[in-house]
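Q: My questions all concern the structure below.
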Amino acid sequence: GEVDIECEFGTTAFCVALMIAQQHLSSEVVKWLPQFLTAWLGNTKQMPLGPGCPEALRNSVSVTPYSSKECCEESFATDRWGCLVGGQFNGRHRNNREEVHSVTCEPSPTEPGTWTARCDSIPGTY
């Protein structure tokens, strides 16, 4: 991509310098933009949608099955490659300011022998 930077009046020294450096400035802004957006979005407070899994949002949360209730309710953790190695919802998440402790798990209705988070215990900021 590119960012188009133009002056309304191209006769000033600033506008001439801007025209000369336009390609360089555009490539620098394009390189910097993803980091800026990630930082900005990471600092925004998530909007609470209400606890549980409202019918309208039922496909927006994918609950991961775990082999035990303890693993399911364990704090969220990832390994150095970003793979989930802890629980899915409890604990401190990268973009959530408050630590979550309220998520409880129940036997999975679709995968016998596994545990999944109870929809009504998931906080409304996911």
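As shown in the structure tokens, the chain order sets the letters A, B, ...; within each chain, residues go from 1, and ligands are also counted from 1 in the order they appear.
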Excluding region 85-88 of chain A and its own-chain neighbours fewer than 4 positions away, which residues fall within 10 Å of it when counting only C-alpha atoms? Please give them as an NGL selection string.

A: :A and (62-66 or 69-79 or 93 or 103 or 116-117)

Q: Can you write just those residues out, N, CA and C atoms, as an mmCIF file, in the first residue's frame?

A:
```cif
data_model
loop_
_atom_site.group_PDB
_atom_site.id
_atom_site.type_symbol
_atom_site.label_atom_id
_atom_site.label_comp_id
_atom_site.auth_asym_id
_atom_site.auth_seq_id
_atom_site.Cartn_x
_atom_site.Cartn_y
_atom_site.Cartn_z
ATOM 1 N N SER A 62 -15.668 -19.867 20.312
ATOM 2 C CA SER A 62 -15.411 -21.289 20.114
ATOM 3 C C SER A 62 -14.825 -21.838 21.405
ATOM 4 N N VAL A 63 -15.548 -22.742 22.083
ATOM 5 C CA VAL A 63 -15.034 -23.303 23.325
ATOM 6 C C VAL A 63 -14.210 -24.546 23.008
ATOM 7 N N THR A 64 -13.000 -24.576 23.546
ATOM 8 C CA THR A 64 -12.059 -25.672 23.305
ATOM 9 C C THR A 64 -12.323 -26.805 24.297
ATOM 10 N N PRO A 65 -12.391 -28.066 23.828
ATOM 11 C CA PRO A 65 -12.572 -29.182 24.764
ATOM 12 C C PRO A 65 -11.262 -29.532 25.475
ATOM 13 N N TYR A 66 -11.357 -29.852 26.772
ATOM 14 C CA TYR A 66 -10.199 -30.239 27.586
ATOM 15 C C TYR A 66 -10.432 -31.628 28.163
ATOM 16 N N LYS A 69 -11.585 -31.180 33.987
ATOM 17 C CA LYS A 69 -12.181 -29.932 34.461
ATOM 18 C C LYS A 69 -11.092 -28.972 34.931
ATOM 19 N N GLU A 70 -10.060 -29.513 35.605
ATOM 20 C CA GLU A 70 -8.969 -28.666 36.114
ATOM 21 C C GLU A 70 -8.233 -27.962 34.970
ATOM 22 N N CYS A 71 -7.940 -28.685 33.902
ATOM 23 C CA CYS A 71 -7.249 -28.071 32.746
ATOM 24 C C CYS A 71 -8.135 -27.006 32.100
ATOM 25 N N CYS A 72 -9.406 -27.294 31.993
ATOM 26 C CA CYS A 72 -10.351 -26.363 31.374
ATOM 27 C C CYS A 72 -10.430 -25.053 32.157
ATOM 28 N N GLU A 73 -10.402 -25.149 33.485
ATOM 29 C CA GLU A 73 -10.537 -23.960 34.328
ATOM 30 C C GLU A 73 -9.204 -23.313 34.686
ATOM 31 N N GLU A 74 -8.110 -23.876 34.198
ATOM 32 C CA GLU A 74 -6.762 -23.329 34.438
ATOM 33 C C GLU A 74 -6.643 -21.938 33.812
ATOM 34 N N SER A 75 -5.707 -21.130 34.298
ATOM 35 C CA SER A 75 -5.476 -19.801 33.726
ATOM 36 C C SER A 75 -4.977 -19.897 32.292
ATOM 37 N N PHE A 76 -5.396 -18.925 31.493
ATOM 38 C CA PHE A 76 -4.979 -18.801 30.102
ATOM 39 C C PHE A 76 -3.457 -18.708 30.020
ATOM 40 N N ALA A 77 -2.859 -19.469 29.117
ATOM 41 C CA ALA A 77 -1.405 -19.407 28.910
ATOM 42 C C ALA A 77 -1.085 -19.873 27.495
ATOM 43 N N THR A 78 -0.036 -19.300 26.941
ATOM 44 C CA THR A 78 0.444 -19.739 25.628
ATOM 45 C C THR A 78 1.926 -20.061 25.737
ATOM 46 N N ASP A 79 2.396 -20.911 24.830
ATOM 47 C CA ASP A 79 3.827 -21.201 24.797
ATOM 48 C C ASP A 79 4.539 -20.132 23.980
ATOM 49 N N HIS A 93 -5.509 -12.028 30.052
ATOM 50 C CA HIS A 93 -5.339 -12.080 28.602
ATOM 51 C C HIS A 93 -4.670 -10.803 28.124
ATOM 52 N N VAL A 103 -14.878 -18.268 35.084
ATOM 53 C CA VAL A 103 -15.286 -19.292 34.121
ATOM 54 C C VAL A 103 -15.192 -20.681 34.738
ATOM 55 N N THR A 116 -15.775 -28.487 28.647
ATOM 56 C CA THR A 116 -15.773 -27.188 27.967
ATOM 57 C C THR A 116 -16.313 -26.125 28.917
ATOM 58 N N ALA A 117 -15.983 -24.868 28.620
ATOM 59 C CA ALA A 117 -16.444 -23.753 29.451
ATOM 60 C C ALA A 117 -17.968 -23.643 29.370
#
```

Q: What's the 9 Å shell around Cys7 (chain A), counting only C-alpha atoms, without same-chain residues fewer than 5 positions away, as a ChimeraX atom specification?

A: /A:14-16,18-19

Q: Could you take the residues named above and write them with all heavy atoms, as a compact mmCIF listing (two decimals), in the first residue's frame?

A:
```txt
# COMPACT_ATOMS: atom_id res chain seq x y z
N PHE A 14 8.24 24.01 2.27
CA PHE A 14 7.78 22.78 2.92
C PHE A 14 7.13 21.83 1.91
O PHE A 14 7.37 20.63 1.92
CB PHE A 14 6.81 23.12 4.06
CG PHE A 14 6.26 21.89 4.73
CD1 PHE A 14 7.04 21.16 5.63
CD2 PHE A 14 4.97 21.47 4.46
CE1 PHE A 14 6.53 20.02 6.24
CE2 PHE A 14 4.46 20.33 5.07
CZ PHE A 14 5.24 19.61 5.96
N CYS A 15 6.29 22.37 1.04
CA CYS A 15 5.61 21.54 0.05
C CYS A 15 6.58 20.95 -0.96
O CYS A 15 6.42 19.80 -1.38
CB CYS A 15 4.52 22.34 -0.66
SG CYS A 15 3.08 22.63 0.40
N VAL A 16 7.58 21.71 -1.36
CA VAL A 16 8.60 21.19 -2.28
C VAL A 16 9.35 20.04 -1.61
O VAL A 16 9.57 18.98 -2.20
CB VAL A 16 9.55 22.31 -2.75
CG1 VAL A 16 10.72 21.73 -3.54
CG2 VAL A 16 8.80 23.33 -3.58
N LEU A 18 8.24 18.18 0.80
CA LEU A 18 7.29 17.08 0.95
C LEU A 18 7.16 16.30 -0.36
O LEU A 18 7.12 15.06 -0.34
CB LEU A 18 5.93 17.63 1.39
CG LEU A 18 4.86 16.62 1.76
CD1 LEU A 18 5.32 15.77 2.94
CD2 LEU A 18 3.56 17.33 2.10
N MET A 19 7.13 16.98 -1.49
CA MET A 19 7.04 16.30 -2.79
C MET A 19 8.29 15.46 -3.05
O MET A 19 8.19 14.35 -3.57
CB MET A 19 6.84 17.32 -3.92
CG MET A 19 5.44 17.89 -3.95
SD MET A 19 5.05 18.89 -5.40
CE MET A 19 6.34 20.11 -5.43
```

Q: Which one of A:Phe89, A:Trp81, A:Trp115, A:Trp32 sits closest to Glu2 (chain A) if you count only C-alpha atoms?

A: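 Looking at the shortest contact to Glu2 (chain A), the residue is A:Trp32.
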
Q: One number please: CA of Thr104 (chain A) to CA of Ser68 (chain A), in Å, one decimal.

A: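 Spanning CA of Thr104 (chain A) to CA of Ser68 (chain A) is a straight-line distance of 11.8 Å.
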
Q: So the first atom is CA of Gln22 (chain A) and the second is CA of Ile5 (chain A); what is the distance between them in Å, to one decimal place?

A: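 Taking CA of Gln22 (chain A) and CA of Ile5 (chain A), their separation equals 6.6 Å.
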
Q: What is the CA of Ala21 (chain A) to CA of Phe9 (chain A) distance in Å?

A: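 Between CA of Ala21 (chain A) and CA of Phe9 (chain A) the gap is 16.3 Å.
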
Q: Which of these residues is nearest to Glu106 (chain A), using only C-alpha atoms: A:Pro123, A:Leu41, A:Asn90, A:Ser67?

A: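 Smallest separation from Glu106 (chain A) among the options: A:Ser67.
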